[in-house]
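Chemist: Below you'll find the structure I mean.
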Amino acid sequence: MTIRAVVRGAGHYLPARVVENSEFEATLDTTDEWIRSRSGIERRHFATETDTTSSMATAAAQAALADSGLEASDIDAIVLATSTADLTFPSAATMVQAQLGMTGGFAFDVQAVCAGFVYALSNANALILSGQARRVLVIGAETFSKIMDWTDRSTCVLFGDGAGALVLEAEEAAGEASDRGILACDLHSDGRLRDLLYVDGGVSTGTSGYLRMQGNQVFRHAVEKLAATAHTAMDRAGVTADDVDWIVPHQANIRIIQGTAKKMNVPMDRVVVTVQDHGNTSAASIPLALSVGRARGQIKDGDLLVTEAIGGGLAWGAVVLRW
């Protein structure tokens, strides 16, 4: 027998403020058609005055706990993927721990930008396989609206805010590709490519800074690297593209999603797409898509999923799991 990290519950949170593409027309040289045709995005959610990364993460975690039938006291660890924590420190994860009323266990943040949730899943899986935790809350939460340059039409129209969460639980399994749970992970980074996507602020500058991106270069790296990491993870899991029920990709850009699916030989009707409603929510995009895909009735128990993402660093990776 072997141990697998199995999804016990899922949940998400989106801020109440919905921003349609047309709102940008008043302040930028852009149009709804321009944004849709280049990104597939129609609208996104922005944090309100009462929304923070930790509060959204907490709301998503509470929804995931309710879905799992568990209480915060049942959780051994929280792994929170974010690049927009409320403060430099303490971690947003410990803030969520407090807001949930969780007095035991441990909590920490993972920072891999848009690839953050894939990294967080891999870390949570390792905690469970090593026996350090039996139940782990894995959360992705972002308030990218706080780091936008509102004069840069190439970036500010692309991003949104929100949070998603999964509850993972250790279960005994046969050690086969038919097992439920996380079957394989694959992670990569290349710091030489950091100038393609970064924030020009931090402790060295004394400012929070703004997101900067070389979109064409990121696109070029994204499709190639996402398809490659997905295939590596599938090989490790002992499955093929024909076995996959759903690709649940990082929701950055519909062209990247389509290009990656084509390289993986998976038709778009087997891809969960939410980018039109959420924009790019960075580390929150995969757990949001998982929770929404399940609520739509797309993702069902026993389905084989591949999640993949790439973000600043550059950092990228994939996870294969059976729901």
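Labels used: A, B, ... for chains in the order of the structure tokens, numbers from 1 for residues in each chain, and numbers from 1 for ligands as shown.
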Wanna dump the range 78-188 of chain A-range 2-17 of chain A contacts at 8 Å for me, each residue with its shortest atom pair and the distance in Å to one decimal, counting only C-alpha atoms, ordered by chain and number, as a Markdown table?

Modeler:
| residue | atom | partner | partner_atom | distance |
| --- | --- | --- | --- | --- |
| A:Asn125 | CA | A:Ala5 | CA | 5.8 |
| A:Ile128 | CA | A:Ala5 | CA | 6.3 |
| A:Leu129 | CA | A:Ile3 | CA | 6.2 |
| A:Asp161 | CA | A:Leu14 | CA | 7.1 |
| A:Gly162 | CA | A:Leu14 | CA | 4.7 |
| A:Ala163 | CA | A:Tyr13 | CA | 5.2 |
| A:Gly164 | CA | A:His12 | CA | 4.0 |
| A:Ala165 | CA | A:Gly11 | CA | 5.4 |
| A:Leu166 | CA | A:Ala10 | CA | 4.5 |
| A:Val167 | CA | A:Gly9 | CA | 5.1 |
| A:Leu168 | CA | A:Val7 | CA | 4.6 |
| A:Glu169 | CA | A:Val6 | CA | 5.2 |
| A:Ala170 | CA | A:Ala5 | CA | 4.8 |
| A:Glu171 | CA | A:Arg4 | CA | 5.4 |
| A:Glu172 | CA | A:Ile3 | CA | 4.7 |
| A:Ala173 | CA | A:Thr2 | CA | 5.3 |
| A:Ala174 | CA | A:Thr2 | CA | 6.0 |
| A:Gly175 | CA | A:Thr2 | CA | 5.3 |
| A:Asp179 | CA | A:Arg4 | CA | 7.8 |
| A:Arg180 | CA | A:Val6 | CA | 6.1 |
| A:Gly181 | CA | A:Val6 | CA | 3.8 |
| A:Ile182 | CA | A:Ala5 | CA | 5.6 |
| A:Leu183 | CA | A:Arg4 | CA | 7.5 |

Chemist: Might you pull out every residue within 6 Å of range 94-105 of chain A, with only C-alpha atoms counted and same-chain residues fewer than 4 positions away left off, and present them as an MDAnalysis selection string?

Modeler: chainID A and resid 54 58 72:73 76:77

Chemist: Take the residues that were just selected and, keeping N, CA and C atoms, output them as an mmCIF file, in the first residue's frame.

Modeler:
data_model
loop_
_atom_site.group_PDB
_atom_site.id
_atom_site.type_symbol
_atom_site.label_atom_id
_atom_site.label_comp_id
_atom_site.auth_asym_id
_atom_site.auth_seq_id
_atom_site.Cartn_x
_atom_site.Cartn_y
_atom_site.Cartn_z
ATOM 1 N N SER A 54 -5.443 37.821 2.826
ATOM 2 C CA SER A 54 -5.719 36.852 3.895
ATOM 3 C C SER A 54 -7.212 36.658 4.124
ATOM 4 N N THR A 58 -9.086 33.156 3.636
ATOM 5 C CA THR A 58 -9.871 32.576 4.728
ATOM 6 C C THR A 58 -11.255 32.170 4.251
ATOM 7 N N ALA A 72 -11.730 23.501 11.140
ATOM 8 C CA ALA A 72 -10.355 24.012 11.127
ATOM 9 C C ALA A 72 -9.467 23.221 12.084
ATOM 10 N N SER A 73 -10.043 22.757 13.180
ATOM 11 C CA SER A 73 -9.265 21.996 14.162
ATOM 12 C C SER A 73 -8.801 20.642 13.630
ATOM 13 N N ASP A 76 -3.952 19.997 9.863
ATOM 14 C CA ASP A 76 -2.601 19.963 10.426
ATOM 15 C C ASP A 76 -1.703 21.065 9.888
ATOM 16 N N ALA A 77 -1.980 21.532 8.669
ATOM 17 C CA ALA A 77 -1.094 22.525 8.055
ATOM 18 C C ALA A 77 -1.846 23.343 7.018
#

Chemist: Among range 78-302 of chain A, which ones does DSSP assign to strand (DSSP E) (computed from the backbone)? Answer as a ChimeraX atom specification.

Modeler: /A:78-81,106-110,135-143,161-173,181-189,197-199,211-213,246-247

Chemist: With only C-alpha atoms as the basis for distance, which of A:Asp86, A:Arg194, A:Ala81, A:Ile35 is at the shortest distance from Gln217 in chain A?

Modeler: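 Using only C-alpha atoms, Gln217 in chain A sits closest to A:Arg194.
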
Chemist: Which polymer residues have any atom within 10 Å of an atom of Ile310 in chain A, counting only C-alpha atoms, with same-chain residues fewer than 6 positions away left out, as a list in words?

Modeler: Ala112, Val113, Cys114, Ala115, Gly116, Val118, Leu187, His188, Ser189, Val218, Phe219, His221, Ala222, Val223, Lys225, Leu226, Thr229, Pro249, His250, Ala252, Ser282, Ala283, Trp316, Gly317 and Ala318 of chain A

Chemist: Hey, can you spit out that residue selection with N, CA and C atoms as an mmCIF file, in the first residue's frame?

Modeler:
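After the write, out-v4.cif holds the following:
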data_model
loop_
_atom_site.group_PDB
_atom_site.id
_atom_site.type_symbol
_atom_site.label_atom_id
_atom_site.label_comp_id
_atom_site.auth_asym_id
_atom_site.auth_seq_id
_atom_site.Cartn_x
_atom_site.Cartn_y
_atom_site.Cartn_z
ATOM 1 N N ALA A 112 5.645 31.637 -5.759
ATOM 2 C CA ALA A 112 6.119 31.292 -7.099
ATOM 3 C C ALA A 112 5.228 31.958 -8.140
ATOM 4 N N VAL A 113 4.655 33.093 -7.758
ATOM 5 C CA VAL A 113 3.800 33.918 -8.608
ATOM 6 C C VAL A 113 2.687 33.049 -9.206
ATOM 7 N N CYS A 114 2.489 33.082 -10.525
ATOM 8 C CA CYS A 114 1.369 32.361 -11.122
ATOM 9 C C CYS A 114 1.499 30.849 -11.006
ATOM 10 N N ALA A 115 2.719 30.367 -10.809
ATOM 11 C CA ALA A 115 2.930 28.926 -10.600
ATOM 12 C C ALA A 115 2.763 28.537 -9.136
ATOM 13 N N GLY A 116 2.400 29.492 -8.303
ATOM 14 C CA GLY A 116 2.384 29.268 -6.862
ATOM 15 C C GLY A 116 1.528 28.111 -6.405
ATOM 16 N N VAL A 118 0.653 25.364 -8.010
ATOM 17 C CA VAL A 118 1.290 24.091 -8.359
ATOM 18 C C VAL A 118 2.404 23.787 -7.363
ATOM 19 N N LEU A 187 8.254 20.286 -11.132
ATOM 20 C CA LEU A 187 8.513 21.712 -10.894
ATOM 21 C C LEU A 187 9.811 22.148 -11.564
ATOM 22 N N HIS A 188 9.828 23.416 -12.011
ATOM 23 C CA HIS A 188 11.012 23.989 -12.649
ATOM 24 C C HIS A 188 11.082 25.487 -12.350
ATOM 25 N N SER A 189 12.279 26.047 -12.479
ATOM 26 C CA SER A 189 12.444 27.507 -12.484
ATOM 27 C C SER A 189 13.728 27.841 -13.222
ATOM 28 N N VAL A 218 6.918 36.130 -22.643
ATOM 29 C CA VAL A 218 6.269 35.208 -21.703
ATOM 30 C C VAL A 218 5.420 34.199 -22.466
ATOM 31 N N PHE A 219 4.682 34.679 -23.463
ATOM 32 C CA PHE A 219 3.847 33.778 -24.276
ATOM 33 C C PHE A 219 4.706 32.699 -24.932
ATOM 34 N N HIS A 221 7.593 31.446 -24.075
ATOM 35 C CA HIS A 221 8.071 30.446 -23.117
ATOM 36 C C HIS A 221 6.915 29.607 -22.563
ATOM 37 N N ALA A 222 5.752 30.233 -22.385
ATOM 38 C CA ALA A 222 4.648 29.579 -21.689
ATOM 39 C C ALA A 222 4.177 28.315 -22.386
ATOM 40 N N VAL A 223 3.829 28.406 -23.652
ATOM 41 C CA VAL A 223 3.246 27.253 -24.344
ATOM 42 C C VAL A 223 4.211 26.076 -24.368
ATOM 43 N N LYS A 225 6.903 25.479 -22.376
ATOM 44 C CA LYS A 225 7.244 24.959 -21.045
ATOM 45 C C LYS A 225 6.053 24.291 -20.370
ATOM 46 N N LEU A 226 4.851 24.816 -20.571
ATOM 47 C CA LEU A 226 3.673 24.221 -19.940
ATOM 48 C C LEU A 226 3.379 22.843 -20.514
ATOM 49 N N THR A 229 6.165 20.359 -19.187
ATOM 50 C CA THR A 229 6.041 19.948 -17.785
ATOM 51 C C THR A 229 4.824 19.057 -17.590
ATOM 52 N N PRO A 249 -5.832 24.498 -16.405
ATOM 53 C CA PRO A 249 -4.599 25.282 -16.501
ATOM 54 C C PRO A 249 -4.660 26.578 -15.714
ATOM 55 N N HIS A 250 -3.482 27.164 -15.517
ATOM 56 C CA HIS A 250 -3.421 28.541 -15.053
ATOM 57 C C HIS A 250 -4.156 29.409 -16.063
ATOM 58 N N ALA A 252 -4.332 32.448 -17.586
ATOM 59 C CA ALA A 252 -3.638 33.699 -17.887
ATOM 60 C C ALA A 252 -4.157 34.348 -19.153
ATOM 61 N N SER A 282 -3.361 34.912 -10.943
ATOM 62 C CA SER A 282 -2.062 34.403 -10.500
ATOM 63 C C SER A 282 -2.224 33.091 -9.734
ATOM 64 N N ALA A 283 -1.694 33.007 -8.518
ATOM 65 C CA ALA A 283 -1.719 31.741 -7.772
ATOM 66 C C ALA A 283 -3.127 31.277 -7.425
ATOM 67 N N TRP A 316 7.690 27.314 -13.221
ATOM 68 C CA TRP A 316 6.590 26.607 -13.849
ATOM 69 C C TRP A 316 6.535 25.164 -13.345
ATOM 70 N N GLY A 317 5.409 24.519 -13.601
ATOM 71 C CA GLY A 317 5.267 23.138 -13.161
ATOM 72 C C GLY A 317 3.884 22.594 -13.437
ATOM 73 N N ALA A 318 3.697 21.327 -13.101
ATOM 74 C CA ALA A 318 2.434 20.642 -13.353
ATOM 75 C C ALA A 318 2.179 19.609 -12.263
#

Chemist: So, counting only C-alpha atoms, which residue among A:Asp190, A:Asp195, A:Asp149, A:Glu42 is closest to Gly209 in chain A?

Modeler: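 Looking only at the distances to Gly209 in chain A, the closest residue turns out to be A:Asp149.
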